[in-house]
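Peer 1: Pasting a structure here, questions to come.
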Amino acid sequence: MISTEGRGLVLDEKLLFEQSQPGRIGYSLSALDVPATAPQQSLMREEIAGFPELSEVDVIRHYTRLSTWNYGVDSGFYPLGSCTMKYNPKVNEAAAHLPGFAEIHPQTPEALNQGALELMYNLQRDLGEVSGFPAVTLQPAAGAQGEFTGMLMIRAWHEANGQKRRKVIIPDTAHGTNPASAALCGYEVITVASDGVLSKDDIAALMDDDVAALMVTNPNTLGLFEADIRAICDLVHERGGLVYADGANLNALMGISRPGDIGIDVMHFNLHKTFSTPHGGGGPGAGPVGVVEKLEPFLPKPVVIKEGDSYKFDYERPDSIGRVQSFYGHFGILVRAYSYILSMGGEGLKRATELAVLNANYIRARLEGEYDLPYKQRSLHEVVFSEKALANDCHTLDVAKRLIDYGYHPPTIYFPLVVPGALMVEPTETESKQVIDEFCDALLTIAEEAKNNPELLKQAPVRAKVRRLDEATAARKPKLRWEPDQS
Amino acid sequence: MRYLPHTDVEVQQMLDRIGVSNIDELFSGIPEDCRLQKPLNLPTAKSESESMTMLRSLAEQNSRVSDWDAFLGGGAYNHFIPSAVDHLISRSEFYTAYTPYQPEISQGTLQAIFEFQTMICQLTGMDVANASMYDGASACAEAVLLAIRAGKKRQKVLLSQALNPQYRETVATYCRYLAVELVEVPTRDGVTDQAVLKTLLDDQTAAVVVGYPNYFGQIEDLAAIAEFTQAAGARLIAAASEPLALALFRSPGELGADVVVGEGQSFGIPLSYGGPGIGFFAVKKKDMRVLPGRLVGETLDQDGKRGFVLTLATREQHIRREKATSNICSNQGMCTLIVGIFLALHGKQGLRQLAEINYAKAAYARQQIGQLDGFEIAFSGECFNEFVVTCPEPVADLKMRLEQQGILAGIALGRDYQDLERGLLVCVTEQNSREQIDRLVSALAGGTV
């Protein structure tokens, strides 16, 4: 048993606007070295009402205090399932901050930024090697944009072949972004139920000449490898469809299995998951996409190519789906991911996968019995429990909040939707046995508390900055900005 | 490997507990014919010192804006970044956290986003701003999708040709397979041609999209455009790729825009070869419930204490799946933080003064270049920190000539605008000294520096 003693730290801090003092400043600008001039009066605005007026010290203290209310991977264990919250190596940050990367303008002639282009070219190649795809675009900004980019390419390929297919099959365990991305490409979404893994027969029954693609996540969000994936890909291909893979769980496969080798046609990477770039409180991530040969002409433009000894952007791509954001992608994130691959090497990436799977299976072994495990097949990098075994009407939400009192970020909860009260744990490879043992001790203690003193769960958290928040009122009467009359 | 903490003994203990004899058995769920039968063909692991040496050598082959007299804009701007920004964002409580799904231990991120939303509203003159989009171009595309969703079966969208070409391309990609008709509106003297725009507007038009400032740095007459756009029942979307201008010029909200989007890179985010940046997205109250993206709202906890949460989630993909307002899942959390810090440091007076400096520097460069024989300032209207010069020689030749003198003179417009084959888009910010501007002017005139 461990206790909540000795955990937690709370400081209060008003909003920027509430601290503002008229006339206070937090900047020093260089004197104007050209004649002062101003636009015509009628075009000019009044002062920005309500904007903060603070000193540099005010601003530093403000954000430093806010930071102490946050929990990050550097604060402790963050087993958020499907998000792969691995350690974010500091050398990656140092690399992205190098002036030769941070201070280069995207409109500079390519000949003057050969190092940046070489890095992008190498990263395309390395991601291709890890996944088994011959072509990779680095442009998409995040996983969801990668899905959208991939599905656009699938549609463009069908249309180039004179096909107007309207449907996409998606399992019920998929991330919500999958159906949303397919819909953005004008597709009708057909949901297929899965019993842990997809059944070949179910896909065969749904597959017809109007299906453009199957979108799968492999391993899926239950942490299970789709055992029939090859046969499923074959039957989708036989009926003229393509297979899209959500690469969210690639951390389970590096050096073990390559999606491009087993029948997948398109897959996005989440560099902020598998390749260790920081999650940043929600972003920026990066969502490169790998494709098989026949889809290469449809990649977003520009694509980085090598001609002789030099690198350039290729814009002459008539079949391209176009661009999905400005410039060339989240270059600063690409630098971090490339730095990670350099540090790990091929063997290191494989070892990361092995230890991620070891950690998840160890958690499963320690908690199975006390927590209900609805799917008993051999799981990979994450494990999903249900709330079924919890005593005294305690729910997954209560367990999650109580974990906060023990100093942990809770796992992903209530996803995937097919598991009642899902508690989805993904430890990643960067956590030691000690950390995982303590976390398991906490979860086992909480299960006991549910039996003997359920109020401890219902009232949790009591050791965080705030207690449970009234989300219903927040949605019913939205207050989405500060207004002066509040002060 | 230094990120992998397991000792051999521990691995064995864990395998024993699981009840398998080796790690390979853990992968028994993967059929043999799905296994990779060879090692990954990647280089061996580098030490920290080796990998930094390799990365530094790549970085050194690039051209930093500070090593040049650089006059490049076109959607990415070279502004000074105060040291406080980098120090604060290096706090890993911020950058190693994820989306604030557990509000009780994410109040730092949540309050910072709430403050960001507020400052974007104040700057744009709008009611509601979301927690951010990927970048200005994709935010612009999402704004078009909002107008289509909210536009009651209207399917036509009018895009000004003076809107950043990359924004137009991105809008076209997003609409590629949707029932949306995109029509480009020509320009006249560097701004959207209002007479043509009026003739194109009809009862099928969902939105009109213009840049503010536009791609040529020009200030559009938003008030006039808003009036007849809304009279036709359509929404006006204003897209700002240089939002520093909004500290000086009347806000799009005040001028009647229905949706304001843009790129926030100018506010403290490194150029970083064009990404990541941050898209901002603001609307009037009426569109609050059809917004894409994350939103943070204020509420109270069980003890009546103020706190912040992600809210109005029923719009989003994790709940609504294929019926969501967008597929977006991210916000650019770290970039919202940067923008928040940058705006808080500059504040009400500093942001205005910074905008005035940019305006005055560009005005000086424009006036000096305008006096050169053979060069003409292409457009007559008011502009912010960018302007178009019509050159007497092919732009590619001119750029090459100046490059040899250490000057990155600007962006050739010929690729995106056939009628501006001799057009050069010049950008001047507070980072360009008067000496730099004078060198540019003298080099354009044919002198050497």
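Here's how to read the names in the structure tokens: chain A, B, ... by the order shown, residue numbers from 1 in each chain, ligand numbers from 1 in the order shown.
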Just want the 10 Å neighbourhood of Ala183 of chain A, counted on only C-alpha atoms, with same-chain residues fewer than 4 positions away dropped. Output as a PyMOL selection string.
Peer 2: (chain A and resi 148+151+167-168+177-179+187-189) or (chain B and resi 177-178+321-324+326-327)
Peer 1: Can you list, as a PDB file with all heavy atoms, in the first residue's frame, every protein, DNA or RNA residue that comes within 10 Å of Asp12 of chain A when you count only C-alpha atoms, leaving out same-chain residues fewer than 2 positions away?
Peer 2:
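Contents of selection.pdb, as written:
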ATOM      1  N   VAL A  10       0.514  23.710  -4.794  1.00  0.00           N
ATOM      2  CA  VAL A  10      -0.475  24.591  -5.405  1.00  0.00           C
ATOM      3  C   VAL A  10      -0.164  26.069  -5.147  1.00  0.00           C
ATOM      4  O   VAL A  10      -0.001  26.478  -4.011  1.00  0.00           O
ATOM      5  CB  VAL A  10      -1.892  24.288  -4.849  1.00  0.00           C
ATOM      6  CG1 VAL A  10      -2.909  25.221  -5.461  1.00  0.00           C
ATOM      7  CG2 VAL A  10      -2.257  22.836  -5.112  1.00  0.00           C
ATOM      8  N   LYS A  14      -3.807  34.769 -10.972  1.00  0.00           N
ATOM      9  CA  LYS A  14      -4.911  35.363 -11.717  1.00  0.00           C
ATOM     10  C   LYS A  14      -4.630  35.319 -13.209  1.00  0.00           C
ATOM     11  O   LYS A  14      -3.511  35.064 -13.647  1.00  0.00           O
ATOM     12  CB  LYS A  14      -5.084  36.825 -11.299  1.00  0.00           C
ATOM     13  CG  LYS A  14      -5.575  37.010  -9.885  1.00  0.00           C
ATOM     14  CD  LYS A  14      -5.648  38.502  -9.605  1.00  0.00           C
ATOM     15  CE  LYS A  14      -6.104  38.744  -8.173  1.00  0.00           C
ATOM     16  NZ  LYS A  14      -5.941  40.167  -7.826  1.00  0.00           N
ATOM     17  N   HIS A  62       4.032  34.536 -14.114  1.00  0.00           N
ATOM     18  CA  HIS A  62       2.715  34.031 -14.510  1.00  0.00           C
ATOM     19  C   HIS A  62       2.836  32.640 -15.137  1.00  0.00           C
ATOM     20  O   HIS A  62       2.227  31.680 -14.679  1.00  0.00           O
ATOM     21  CB  HIS A  62       2.076  35.004 -15.501  1.00  0.00           C
ATOM     22  CG  HIS A  62       0.736  34.573 -16.001  1.00  0.00           C
ATOM     23  ND1 HIS A  62      -0.404  34.678 -15.241  1.00  0.00           N
ATOM     24  CD2 HIS A  62       0.344  34.011 -17.174  1.00  0.00           C
ATOM     25  CE1 HIS A  62      -1.443  34.209 -15.924  1.00  0.00           C
ATOM     26  NE2 HIS A  62      -1.016  33.795 -17.109  1.00  0.00           N
ATOM     27  N   ARG A  65       4.285  29.858 -12.884  1.00  0.00           N
ATOM     28  CA  ARG A  65       3.268  29.315 -11.979  1.00  0.00           C
ATOM     29  C   ARG A  65       2.298  28.404 -12.721  1.00  0.00           C
ATOM     30  O   ARG A  65       1.975  27.320 -12.233  1.00  0.00           O
ATOM     31  CB  ARG A  65       2.494  30.447 -11.308  1.00  0.00           C
ATOM     32  CG  ARG A  65       3.318  31.115 -10.244  1.00  0.00           C
ATOM     33  CD  ARG A  65       2.485  32.067  -9.417  1.00  0.00           C
ATOM     34  NE  ARG A  65       3.253  32.423  -8.216  1.00  0.00           N
ATOM     35  CZ  ARG A  65       2.722  32.975  -7.139  1.00  0.00           C
ATOM     36  NH1 ARG A  65       1.437  33.230  -7.097  1.00  0.00           N
ATOM     37  NH2 ARG A  65       3.478  33.258  -6.108  1.00  0.00           N
ATOM     38  N   LEU A  66       1.849  28.841 -13.883  1.00  0.00           N
ATOM     39  CA  LEU A  66       0.929  27.973 -14.639  1.00  0.00           C
ATOM     40  C   LEU A  66       1.580  26.616 -14.896  1.00  0.00           C
ATOM     41  O   LEU A  66       0.933  25.575 -14.823  1.00  0.00           O
ATOM     42  CB  LEU A  66       0.553  28.603 -15.993  1.00  0.00           C
ATOM     43  CG  LEU A  66      -0.272  29.890 -16.020  1.00  0.00           C
ATOM     44  CD1 LEU A  66      -0.848  30.109 -17.420  1.00  0.00           C
ATOM     45  CD2 LEU A  66      -1.395  29.882 -15.013  1.00  0.00           C
ATOM     46  N   TRP A  69       1.081  23.767 -12.505  1.00  0.00           N
ATOM     47  CA  TRP A  69      -0.231  23.109 -12.412  1.00  0.00           C
ATOM     48  C   TRP A  69      -0.372  22.009 -13.458  1.00  0.00           C
ATOM     49  O   TRP A  69      -1.409  21.370 -13.558  1.00  0.00           O
ATOM     50  CB  TRP A  69      -1.366  24.096 -12.641  1.00  0.00           C
ATOM     51  CG  TRP A  69      -1.358  25.277 -11.748  1.00  0.00           C
ATOM     52  CD1 TRP A  69      -0.683  25.440 -10.566  1.00  0.00           C
ATOM     53  CD2 TRP A  69      -2.065  26.487 -11.971  1.00  0.00           C
ATOM     54  NE1 TRP A  69      -0.943  26.675 -10.049  1.00  0.00           N
ATOM     55  CE2 TRP A  69      -1.776  27.342 -10.883  1.00  0.00           C
ATOM     56  CE3 TRP A  69      -2.916  26.943 -12.972  1.00  0.00           C
ATOM     57  CZ2 TRP A  69      -2.321  28.619 -10.786  1.00  0.00           C
ATOM     58  CZ3 TRP A  69      -3.460  28.202 -12.884  1.00  0.00           C
ATOM     59  CH2 TRP A  69      -3.148  29.030 -11.791  1.00  0.00           C
ATOM     60  N   LYS A 465      -4.585  20.839  -8.258  1.00  0.00           N
ATOM     61  CA  LYS A 465      -4.836  22.289  -8.232  1.00  0.00           C
ATOM     62  C   LYS A 465      -6.314  22.582  -7.997  1.00  0.00           C
ATOM     63  O   LYS A 465      -6.684  23.474  -7.249  1.00  0.00           O
ATOM     64  CB  LYS A 465      -4.392  22.886  -9.573  1.00  0.00           C
ATOM     65  CG  LYS A 465      -4.857  24.307  -9.839  1.00  0.00           C
ATOM     66  CD  LYS A 465      -4.136  25.304  -8.956  1.00  0.00           C
ATOM     67  CE  LYS A 465      -4.412  26.737  -9.366  1.00  0.00           C
ATOM     68  NZ  LYS A 465      -5.669  27.260  -8.829  1.00  0.00           N
TER      69      LYS A 465
END
Peer 1: Between B:Thr173, B:Gln349, B:Gln194, B:Gln418, which is the closest to Ala156 of chain A once you count only C-alpha atoms?
Peer 2: B:Thr173
Peer 1: Where in segment 250-434 of chain B does DSSP assign helix (DSSP H, G or I), given as an MDAnalysis selection string?
Peer 2: chainID B and resid 272:274 285:290 313:315 317:323 333:370 395:403 418:420 434
Peer 1: To test your reading of the structure, identify every residue in segment 193-279 of chain A that backbone DSSP assigns to strand (DSSP E or B), and report it as a list in words.
Peer 2: Asp195, Val197, Val211, Ala212, Ala213, Leu214, Met215, Val216, Thr217, Leu242, Val243, Tyr244, Ala245, Asp246, Val266, Met267 and His268 of chain A
Peer 1: Looking at only C-alpha atoms, which of B:Ile30, B:Ile120, B:Leu55, B:Met400 is the one that sits closest to Ala337 of chain A?
Peer 2: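 Smallest distance to Ala337 of chain A is found for B:Leu55.
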Peer 1: Report as a VMD selection string all protein, DNA and RNA residues lying within 8 Å of segment 92-106 of chain B, evaluated on only C-alpha atoms, omitting residues in the same chain fewer than 4 positions from it.
Peer 2: (chain A and resid 67 to 75 88 278 to 283 404 409 to 410 461 464 to 469) or (chain B and resid 110 308 to 310 330 to 331 333 to 334)
Peer 1: Go ahead and write the residues just picked, C-alpha atoms, as a PDB file, in the first residue's frame.
Peer 2:
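Final output, saved to part.pdb:
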ATOM      1  CA  SER A  67       3.535  25.373 -15.527  1.00  0.00           C
ATOM      2  CA  THR A  68       3.450  24.019 -11.972  1.00  0.00           C
ATOM      3  CA  TRP A  69      -0.231  23.109 -12.412  1.00  0.00           C
ATOM      4  CA  ASN A  70       0.575  20.861 -15.338  1.00  0.00           C
ATOM      5  CA  TYR A  71       1.566  17.241 -15.414  1.00  0.00           C
ATOM      6  CA  GLY A  72       3.931  16.180 -18.183  1.00  0.00           C
ATOM      7  CA  VAL A  73       6.020  13.143 -19.023  1.00  0.00           C
ATOM      8  CA  ASP A  74       8.881  14.846 -17.204  1.00  0.00           C
ATOM      9  CA  SER A  75       6.691  15.103 -14.088  1.00  0.00           C
ATOM     10  CA  ASN A  88      11.023  13.365 -25.079  1.00  0.00           C
ATOM     11  CA  PRO A 278       6.922  16.342 -27.552  1.00  0.00           C
ATOM     12  CA  HIS A 279       3.128  16.380 -27.388  1.00  0.00           C
ATOM     13  CA  GLY A 280       3.285  20.053 -26.462  1.00  0.00           C
ATOM     14  CA  GLY A 281      -0.036  20.264 -24.609  1.00  0.00           C
ATOM     15  CA  GLY A 282      -1.864  19.185 -27.769  1.00  0.00           C
ATOM     16  CA  GLY A 283       0.584  19.954 -30.560  1.00  0.00           C
ATOM     17  CA  ILE A 404      -4.261  11.763  -9.754  1.00  0.00           C
ATOM     18  CA  HIS A 409      -1.616  10.961 -15.093  1.00  0.00           C
ATOM     19  CA  PRO A 410      -4.578   8.640 -15.683  1.00  0.00           C
ATOM     20  CA  PRO A 461      -8.982  14.225  -6.738  1.00  0.00           C
ATOM     21  CA  ALA A 464      -4.615  18.573  -7.408  1.00  0.00           C
ATOM     22  CA  LYS A 465      -4.836  22.289  -8.232  1.00  0.00           C
ATOM     23  CA  VAL A 466      -8.605  22.015  -8.538  1.00  0.00           C
ATOM     24  CA  ARG A 467     -11.169  19.347  -7.756  1.00  0.00           C
ATOM     25  CA  ARG A 468     -13.599  17.907 -10.286  1.00  0.00           C
ATOM     26  CA  LEU A 469     -14.860  20.637 -12.550  1.00  0.00           C
TER      27      LEU A 469
ATOM     28  CA  LEU B 110      -5.895  25.256 -19.997  1.00  0.00           C
ATOM     29  CA  PHE B 308     -10.825  25.683 -16.982  1.00  0.00           C
ATOM     30  CA  VAL B 309     -11.911  22.713 -19.112  1.00  0.00           C
ATOM     31  CA  LEU B 310     -12.102  21.618 -22.727  1.00  0.00           C
ATOM     32  CA  SER B 330      -4.677  18.739 -32.261  1.00  0.00           C
ATOM     33  CA  ASN B 331      -4.366  22.213 -31.103  1.00  0.00           C
ATOM     34  CA  GLY B 333      -0.492  23.829 -27.759  1.00  0.00           C
ATOM     35  CA  MET B 334       3.152  24.866 -27.628  1.00  0.00           C
TER      36      MET B 334
END
Peer 1: Rounded to one decimal in Å, what is the spacing between atom CA of Lys156 of chain B and atom CA of Cys140 of chain B?
Peer 2: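 Distance between the two atoms: 15.3 Å.
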Peer 1: So, with only C-alpha atoms as the atoms that count, which of A:Gly186, A:Gly290, A:Pro454, A:Pro284 lies closest to Gly132 of chain A?
Peer 2: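 Checking each of A:Gly186, A:Gly290, A:Pro454, A:Pro284 against Gly132 of chain A, counting only C-alpha atoms, the winner is A:Gly290.
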Peer 1: Which polymer residues have any atom within 9 Å of an atom of Ile357 of chain B, counting only C-alpha atoms, with same-chain residues fewer than 5 positions away left out, as a count of residues only?
Peer 2: 9
